[in-house]
$ cat model.txt   # compact mmCIF, C-alpha atoms
# COMPACT_ATOMS: atom_id res chain seq x y z
CA VAL A 1030 85.50 114.62 66.38
CA ALA A 1031 87.82 114.72 69.42
CA ILE A 1032 90.29 112.41 67.67
CA GLU A 1033 90.61 114.75 64.68
CA ALA A 1034 91.30 117.78 66.95
CA ASN A 1035 94.11 115.93 68.76
CA ALA A 1036 95.64 114.73 65.51
CA SER A 1037 96.22 118.30 64.33
CA LYS A 1038 98.32 119.17 67.42
CA SER A 1039 102.08 118.85 67.10
CA TYR A 1040 104.08 117.36 69.90
CA GLY A 1041 107.64 118.11 70.95
CA ALA A 1042 109.51 121.38 71.18
CA PRO A 1043 107.70 124.60 70.31
CA THR A 1044 108.55 126.24 67.01
CA GLU A 1045 109.98 129.29 68.84
CA GLN A 1046 113.02 127.21 69.76
CA ASP A 1047 114.03 126.93 66.11
CA GLN A 1048 114.55 130.70 65.80
CA PRO A 1049 118.09 131.85 66.70
CA LEU A 1050 118.55 134.47 69.42
CA ASN A 1051 120.14 137.80 68.64
CA VAL A 1052 123.36 137.49 70.64
CA PRO A 1053 125.71 140.46 70.46
CA LYS A 1054 129.23 139.89 69.18
CA ARG A 1055 132.06 139.51 71.65
CA THR A 1056 133.70 142.80 72.42
CA ASN A 1057 137.35 143.36 73.28
CA VAL A 1058 136.38 144.22 76.86
CA TYR A 1059 134.51 140.91 77.22
CA VAL A 1060 137.43 138.93 75.82
CA ALA A 1061 139.92 140.73 78.08
CA GLN A 1062 137.75 140.13 81.16
CA THR A 1063 137.38 136.44 80.28
CA GLU A 1064 141.14 136.07 79.94
CA ARG A 1065 141.68 137.85 83.26
CA GLU A 1066 139.23 135.48 84.95
CA LYS A 1067 141.01 132.46 83.45
CA GLN A 1068 144.41 133.66 84.65
CA PHE A 1069 143.42 134.86 88.11
CA GLY A 1070 140.37 132.70 88.86
CA VAL A 1071 141.99 130.87 91.77
CA ASP A 1072 143.22 134.12 93.34
CA MET A 1073 139.83 135.76 92.87
CA HIS A 1074 138.13 132.83 94.60
CA ARG A 1075 140.65 132.91 97.46
CA VAL A 1076 140.06 136.64 98.03
CA PHE A 1077 136.30 136.06 97.95
CA GLN A 1078 136.57 133.26 100.54
CA HIS A 1079 138.81 135.43 102.74
CA ASP A 1080 136.35 138.35 102.61
CA LEU A 1081 133.45 136.00 103.35
CA CYS A 1082 135.26 134.67 106.45
CA LYS A 1083 135.93 138.25 107.61
CA LEU A 1084 132.25 139.09 107.14
CA ARG A 1085 131.18 136.03 109.15
CA LEU A 1086 133.63 136.93 111.93
CA ALA A 1087 132.40 140.53 112.06
CA THR A 1088 128.79 139.29 112.21
CA ALA A 1089 129.59 136.87 115.04
CA LYS A 1090 131.41 139.61 117.00
CA ALA A 1091 128.47 141.98 116.58
CA TYR A 1092 126.07 139.26 117.74
CA VAL A 1093 128.17 138.54 120.84
CA ASN A 1094 128.36 142.27 121.62
CA MET A 1095 124.60 142.58 121.24
CA LEU A 1096 123.98 139.69 123.61
CA SER A 1097 126.50 140.90 126.18
CA ASP A 1098 125.05 144.44 126.12
CA GLY A 1099 121.62 143.00 126.90
CA LYS A 1100 120.05 144.25 123.67
CA GLY A 1101 119.35 140.81 122.21
CA SER A 1102 116.58 138.31 122.89
CA THR A 1103 118.60 136.96 125.81
CA SER A 1104 119.67 139.46 128.43
CA HIS A 1105 122.44 138.49 130.84
CA THR A 1106 122.75 140.06 134.25
CA THR A 1107 124.77 139.09 137.29
CA ASP A 1108 121.73 137.51 138.96
CA ALA A 1109 119.83 135.76 136.17
CA SER A 1110 119.69 134.93 132.51
CA LEU A 1111 116.25 135.07 130.90
CA ARG A 1112 114.86 134.84 127.39
CA LEU A 1113 111.66 136.67 126.61
CA THR A 1114 109.86 136.33 123.29
CA ALA A 1115 106.58 138.05 122.49
CA GLN A 1116 104.00 137.22 119.85
CA VAL A 1117 101.04 139.37 118.86
CA GLN A 1118 97.84 137.48 118.12
CA GLY A 1119 94.98 139.32 116.47
CA LEU A 1120 94.59 142.44 114.40
CA GLY A 1121 92.68 144.63 116.80
CA PRO A 1122 91.15 146.59 118.26
CA ILE A 1123 91.56 143.89 120.92
CA PHE A 1124 94.59 141.63 120.57
CA LYS A 1125 96.55 139.25 122.72
CA LEU A 1126 100.26 139.48 123.53
CA THR A 1127 101.70 136.02 124.29
CA LEU A 1128 104.95 136.04 126.26
CA ASN A 1129 107.31 133.06 126.39
CA VAL A 1130 109.76 133.31 129.28
CA GLN A 1131 112.66 130.91 129.81
CA ASN A 1132 115.14 130.84 132.69
CA PHE A 1133 118.73 130.03 131.62
CA SER A 1134 120.31 130.35 135.05
CA GLN A 1135 121.13 127.39 137.26
CA ARG A 1136 118.72 128.28 140.05
CA PRO A 1137 114.97 128.97 140.07
CA LEU A 1138 113.80 132.58 140.10
CA LEU A 1139 110.92 133.74 142.29
CA GLY A 1140 108.55 136.72 142.14
CA ILE A 1141 109.66 138.25 138.84
CA PRO A 1142 107.83 141.48 137.92
CA VAL A 1143 106.83 142.09 134.30
CA ILE A 1144 105.85 145.63 133.32
CA PHE A 1145 104.09 146.66 130.11
CA SER A 1146 104.93 150.17 128.91
CA PHE A 1147 102.74 151.78 126.26
CA ASN A 1148 101.08 155.03 125.26
CA PRO A 1149 97.88 155.26 127.36
CA THR A 1150 96.14 157.35 124.72
CA VAL A 1151 96.51 154.51 122.22
CA TYR A 1152 96.28 151.31 124.30
CA LYS A 1153 94.50 150.11 127.41
CA MET A 1154 95.20 147.08 129.59
CA ALA A 1155 93.25 145.81 132.58
CA LYS A 1156 96.49 145.29 134.50
CA PRO A 1157 99.76 146.67 133.02
CA THR A 1158 101.87 144.62 135.45
CA LEU A 1159 102.32 140.91 135.91
CA THR A 1160 104.21 138.94 138.53
CA ILE A 1161 105.66 135.60 137.53
CA PRO A 1162 105.61 133.47 140.70
CA SER A 1163 108.53 131.18 139.80
CA LEU A 1164 110.73 130.24 136.86
CA VAL A 1165 112.35 126.81 137.01
CA PRO A 1166 115.53 126.56 134.89
CA SER A 1167 115.19 125.43 131.26
CA LEU A 1168 111.37 125.39 131.19
CA ILE A 1169 109.40 127.74 128.94
CA TYR A 1170 106.48 129.52 130.57
CA ASN A 1171 103.66 131.13 128.57
CA TYR A 1172 101.78 134.21 129.76
CA GLU A 1173 99.08 136.16 127.96
CA ALA A 1174 98.09 139.80 128.18
CA VAL A 1175 95.04 141.32 126.49
CA ILE A 1176 95.59 144.78 125.01
CA GLU A 1177 92.89 147.03 123.59
CA CYS A 1178 93.43 149.86 121.13
CA ILE A 1179 91.35 152.81 122.31
CA ASP A 1180 92.42 155.32 119.67
CA PRO A 1181 89.36 156.25 117.56
CA ASN A 1182 91.48 156.31 114.39
CA GLY A 1183 93.02 152.90 115.07
CA ALA A 1184 96.54 154.27 115.55
CA SER A 1185 99.36 151.93 116.53
CA ASP A 1186 102.33 152.39 118.81
CA SER A 1187 104.96 150.24 120.47
CA VAL A 1188 104.38 148.15 123.57
CA LYS A 1189 107.51 147.52 125.64
CA VAL A 1190 107.79 144.56 127.99
CA THR A 1191 110.27 144.90 130.85
CA VAL A 1192 111.24 141.97 133.05
$ encode --input "model.txt" --output "structure tokens"
Amino acid sequence: VAIEANASKSYGAPTEQDQPLNVPKRTNVYVAQTEREKQFGVDMHRVFQHDLCKLRLATAKAYVNMLSDGKGSTSHTTDASLRLTAQVQGLGPIFKLTLNVQNFSQRPLLGIPVIFSFNPTVYKMAKPTLTIPSLVPSLIYNYEAVIECIDPNGASDSVKVTV
């Protein structure tokens, strides 16, 4: 019985492929645009490449300005250069904030204070400050902070970490 069922199936392309598509006729605007692209294709590509280079340059300048202003993930000061990344683990009401701190300066840093700023009506921490004893250059140090949401409605707010 199974052999007869397979014999009735047709193999190959589906029958829908044999039906032609309704393609609209070429308009004068389409023909004129195609001719323009044939004539000026090289110039159009050159202008596109030029604009793309200008966009990349503007992006790089904005990135450098962001880093030099201290608003990026790496903040540069006269004394030290640190990178701080934070990851939130958990959904609440109790979650963990994992901090990765890296020293980019040439000398080790000692006794670095870390302060957590948050809305005390929304969050609670056992100790909202942390002191990093030492940061050796180029090593990444991990620190964890437990934060609890105490808002009865489960509201959320920002937590700022200042080094």
$ atom_distance --input "model.txt" --atom1 "CA of Gln1116 in chain A" --atom2 "CA of Ile1176 in chain A"
12.4 Å
$ closest_residue --input "model.txt" --among "A:Glu1177, A:Tyr1172, A:Asn1148, A:Thr1063" --to "Gly1119 in chain A" --atoms "all atoms listed in the file"
A:Glu1177
$ atom_distance --input "model.txt" --atom1 "CA of Met1095 in chain A" --atom2 "CA of Val1076 in chain A"
28.5 Å
$ closest_residue --input "model.txt" --among "A:Gly1041, A:Pro1137, A:Gly1183, A:Pro1053" --to "Gly1121 in chain A" --atoms "only C-alpha atoms"
A:Gly1183
$ atom_distance --input "model.txt" --atom1 "CA of Lys1153 in chain A" --atom2 "CA of Tyr1170 in chain A"
24.0 Å
$ closest_residue --input "model.txt" --among "A:Leu1086, A:Val1192, A:Pro1049, A:Ile1123" --to "Ala1155 in chain A" --atoms "only C-alpha atoms"
A:Ile1123
$ closest_residue --input "model.txt" --among "A:Val1058, A:Ile1141, A:Val1093, A:Val1071" --to "Val1165 in chain A" --atoms "all atoms listed in the file"
A:Ile1141
$ closest_residue --input "model.txt" --among "A:Met1154, A:Leu1120, A:Leu1168, A:Val1052" --to "Gln1135 in chain A" --atoms "all atoms listed in the file"
A:Leu1168
$ closest_residue --input "model.txt" --among "A:Val1130, A:Cys1178, A:Val1143, A:Ala1061" --to "Pro1166 in chain A" --atoms "all atoms listed in the file"
A:Val1130
